[in-house]
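Worksheet: one structure, shown below.
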Amino acid sequence: MNNYSGFGRIILTVVMAMCLRIAPWPGFLTNINPDWILLVLIYWAIAVPERVGIFHAWTIGLLTDVLTGRVFGQYALAYSLIIYVCLLLHKRLRQFPLPQQGLFIFFCLLFTQILLFWLNSIQHPTQPHASFWLPIVTGTLFWPPIYTALRRVRLSRRTQ
Amino acid sequence: MALLITEYRSHRLDSLRATLSVAVDPIKYLVNLPSVLIEQTAYSVSSYSTLKSENIRLRKEQFIDKTRLLKFDSLEKENIRLRALLENSFKLGEQLLIAELLSINMAPYEHIVVVNKGTRFGVHPQQPVLDANGVVGQVFRALPFSSEIMLITDPNHAIPVQVNRNGLLTIAVGSGQLNRLNLPFLPNNADIRPGDLLITSGLGGTFPSGYPVAVVDDFTPITNKPFVNITATPKAMLDRNRELLIVWGDSSPVSLTTKPKPTPEASVLRPNNQSSGSGLVGEAPAKTDRKSAESRLTRKAPAGAQTGTDNDE
């Protein structure tokens with residue numbers, strides 16, 4: 001199995017996550033739209049740490065910055081820090097049962113959101129609405145389905 | 001990585017952003033695709049009678065609008081003559097570019113929309129954006145294939161306005177709600193009342209003067225406070241429009257005494273804020289810088305025509 005055989009799938013899933021990230025959700029769903037890109041990245045970092053590195057996370061973060069019109073480097077910084085932690089702990093994380101992984105994901109998303117809030121408030125004072133923190137909860141709830149779906153994507157490659 | 005954030009303050013990274021956006025913009029169009037498809041299928045399966053009745057209605061509307069514009073030419077000339085007597089500068093009209101909204105959502109809590117025209121069409125930051133009813137916002141960031149538009153209701157946006165009835169100048173600040181603007185800088189005894197039309201004052205230079213912005217709907221004096229609570233409803237349909245108009249307001253200086261040429265370019269004139277006497281001698285309007293923009297001229301709209309009909313007083 002050569003080193004780049006599954007790379008297309010990783011890119012494809014990340015692109016799908018980007019689509020979900022900017023899709024126009026109706027009404028209240030906009031506020032609870034989780035950070036799909038980060039969830040997908042975390043999965044790939046845990047599952048195939050030899051393929052997804054900090055540089056990939058940084059590049060995808062930079063693209064996310066452009067995609068969502070943020071200040072340059074905001075998501076790049078957050079994603080590379082999270083992926084760094086995931087790469088450090090990937091062996092342990094694989095052994096965790098799903099609820100425990102969910103707890104880890106919760107703290108990852110919380111850290112990202114706090115970092116983004118902090119970076120935003122440096123630029124201009126912001127008073128976030130309470131629902132600013134809701135994507136963390138929905139992201140954690142979406143972790144099991146994402147985990148199983150991406151696992152299926154990854155394993156279907158193995159069988160070919 | 002943190003270096004990137006600090007470098008944000010300078011505009012050196014704009015070109016990098018533009019390059020990266022070329023890679024990312026297909027995603028925006030991809031996400032936009034379903035809504036376009038739905039719209040097109042709805043259009044293609046709509047019945048013959050619906051199309052016919054719509055056609056008739058549009059024909060009537062166009063007929064009425066044309067009739068209204070009949071006198072506009074002479075009024076325009078008269079206005080120029082009177083302005084020349086007052087030694088005042090005047091702007092006739094602007095170029096417009098129709099841009100279509102991409103149905104994507106960049107970030108919650110920010111009133112920023114994305115349209116499908118970018119720097120390749122000559123769009124540049126801080127251009128005013130209108131729709132058929134009033135001011136929508138301004139171009140916030142122009143990328144090669146798309147540009148981001150900040151709506152006037154964004155909490156970070158403020159627009160200089162003027163009460164159409166008496167010319168009272170103030171600033172309308174976005175509230176974060178799509179149907180509301182705040183006017184926080186007026187004293188308790190300000191002459192403003194519900195129903196007043198707010199138009200752009202042209203101060204600040206970003207927005208051309210005379211376009212309708214909002215209608216005042218609430219006036220609550222607060223005792224013991226120097227400023228009054230005023231809210232207004234935007235005239236533009238911020239959440240219902242798919243087509244927006246991007247305006248080129250600053251094209252070339254005005255020349256007052258020389259007659260404007262009958263060509264369409266003659267109406268692309270820039271307001272010259274110093275109403276000096278030298279403007280009367282009549283320098284030829286320089287129209288070299290916006291050639292690319294002019295080639296894409298889709299339609300020109302008179303500045304004063306809309307305010308005249310929209311004013312409900």
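By convention in this document, the chains of the structure tokens carry letters A, B, ... by their order, each chain's residues are numbered from 1, and ligands are numbered from 1 in the order they are shown.
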
- Report as a PyMOL selection string the set of chain A residues whose atoms approach chain B to within 8 Å, with distances computed over only C-alpha atoms. chain A and resi 15+18-19+22-25+30-31+63+66-69+71-74+76-77

Save the residues we just selected, N, CA and C atoms, as a PDB file, in the first residue's frame?
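Printed below is result.pdb as written:
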ATOM      1  N   VAL A  15     -13.401  18.530   1.741  1.00  0.00           N
ATOM      2  CA  VAL A  15     -14.182  19.428   0.879  1.00  0.00           C
ATOM      3  C   VAL A  15     -15.668  19.348   1.223  1.00  0.00           C
ATOM      4  N   MET A  18     -16.219  21.309   4.239  1.00  0.00           N
ATOM      5  CA  MET A  18     -16.229  22.746   3.936  1.00  0.00           C
ATOM      6  C   MET A  18     -17.587  23.164   3.386  1.00  0.00           C
ATOM      7  N   CYS A  19     -18.168  22.291   2.526  1.00  0.00           N
ATOM      8  CA  CYS A  19     -19.491  22.597   1.985  1.00  0.00           C
ATOM      9  C   CYS A  19     -20.510  22.713   3.112  1.00  0.00           C
ATOM     10  N   ILE A  22     -20.310  26.049   5.125  1.00  0.00           N
ATOM     11  CA  ILE A  22     -20.865  27.302   4.616  1.00  0.00           C
ATOM     12  C   ILE A  22     -22.257  27.128   4.040  1.00  0.00           C
ATOM     13  N   ALA A  23     -22.843  25.922   4.180  1.00  0.00           N
ATOM     14  CA  ALA A  23     -24.183  25.726   3.636  1.00  0.00           C
ATOM     15  C   ALA A  23     -25.176  26.617   4.372  1.00  0.00           C
ATOM     16  N   PRO A  24     -26.158  27.158   3.652  1.00  0.00           N
ATOM     17  CA  PRO A  24     -27.131  28.044   4.305  1.00  0.00           C
ATOM     18  C   PRO A  24     -28.179  27.257   5.064  1.00  0.00           C
ATOM     19  N   TRP A  25     -27.978  27.054   6.333  1.00  0.00           N
ATOM     20  CA  TRP A  25     -28.958  26.337   7.148  1.00  0.00           C
ATOM     21  C   TRP A  25     -30.089  27.287   7.485  1.00  0.00           C
ATOM     22  N   THR A  30     -28.473  27.715  11.784  1.00  0.00           N
ATOM     23  CA  THR A  30     -27.240  28.427  11.469  1.00  0.00           C
ATOM     24  C   THR A  30     -26.364  28.575  12.708  1.00  0.00           C
ATOM     25  N   ASN A  31     -27.013  28.850  13.828  1.00  0.00           N
ATOM     26  CA  ASN A  31     -26.240  29.121  15.031  1.00  0.00           C
ATOM     27  C   ASN A  31     -25.623  27.874  15.639  1.00  0.00           C
ATOM     28  N   LEU A  63      -7.268  27.804   4.389  1.00  0.00           N
ATOM     29  CA  LEU A  63      -8.348  27.807   3.400  1.00  0.00           C
ATOM     30  C   LEU A  63      -9.687  28.112   4.064  1.00  0.00           C
ATOM     31  N   VAL A  66     -10.036  31.779   4.515  1.00  0.00           N
ATOM     32  CA  VAL A  66     -10.444  32.470   3.287  1.00  0.00           C
ATOM     33  C   VAL A  66     -11.914  32.196   2.998  1.00  0.00           C
ATOM     34  N   LEU A  67     -12.305  30.940   3.216  1.00  0.00           N
ATOM     35  CA  LEU A  67     -13.668  30.528   2.891  1.00  0.00           C
ATOM     36  C   LEU A  67     -14.684  31.281   3.722  1.00  0.00           C
ATOM     37  N   THR A  68     -14.393  31.439   5.002  1.00  0.00           N
ATOM     38  CA  THR A  68     -15.375  32.072   5.872  1.00  0.00           C
ATOM     39  C   THR A  68     -15.074  33.540   6.120  1.00  0.00           C
ATOM     40  N   GLY A  69     -14.051  34.080   5.437  1.00  0.00           N
ATOM     41  CA  GLY A  69     -13.801  35.510   5.539  1.00  0.00           C
ATOM     42  C   GLY A  69     -13.292  35.953   6.897  1.00  0.00           C
ATOM     43  N   VAL A  71     -10.100  36.652   9.764  1.00  0.00           N
ATOM     44  CA  VAL A  71      -8.748  37.183   9.718  1.00  0.00           C
ATOM     45  C   VAL A  71      -7.802  36.035   9.416  1.00  0.00           C
ATOM     46  N   PHE A  72      -6.777  36.347   8.624  1.00  0.00           N
ATOM     47  CA  PHE A  72      -5.852  35.313   8.206  1.00  0.00           C
ATOM     48  C   PHE A  72      -5.178  34.646   9.399  1.00  0.00           C
ATOM     49  N   GLY A  73      -5.154  33.308   9.385  1.00  0.00           N
ATOM     50  CA  GLY A  73      -4.388  32.581  10.379  1.00  0.00           C
ATOM     51  C   GLY A  73      -5.163  32.175  11.603  1.00  0.00           C
ATOM     52  N   GLN A  74      -6.409  32.628  11.690  1.00  0.00           N
ATOM     53  CA  GLN A  74      -7.207  32.336  12.878  1.00  0.00           C
ATOM     54  C   GLN A  74      -7.495  30.837  12.994  1.00  0.00           C
ATOM     55  N   ALA A  76      -6.202  28.605  11.038  1.00  0.00           N
ATOM     56  CA  ALA A  76      -4.949  27.887  10.826  1.00  0.00           C
ATOM     57  C   ALA A  76      -4.279  27.606  12.159  1.00  0.00           C
ATOM     58  N   LEU A  77      -4.238  28.599  13.015  1.00  0.00           N
ATOM     59  CA  LEU A  77      -3.627  28.436  14.331  1.00  0.00           C
ATOM     60  C   LEU A  77      -4.414  27.428  15.159  1.00  0.00           C
TER      61      LEU A  77
END

- Query: Tell me, which residues of chain A carry DSSP alpha helix (DSSP H), written as a VMD selection string?
  - Reply: chain A and resid 7 to 22 36 to 47 54 to 68 74 to 95 98 to 123 134 to 159

- Message: Rounded to one decimal, what separation in Å do you get between CA of Lys225 in chain B and CA of Pro184 in chain B?
- Response: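 Taking CA of Lys225 in chain B and CA of Pro184 in chain B, their separation equals 11.5 Å.
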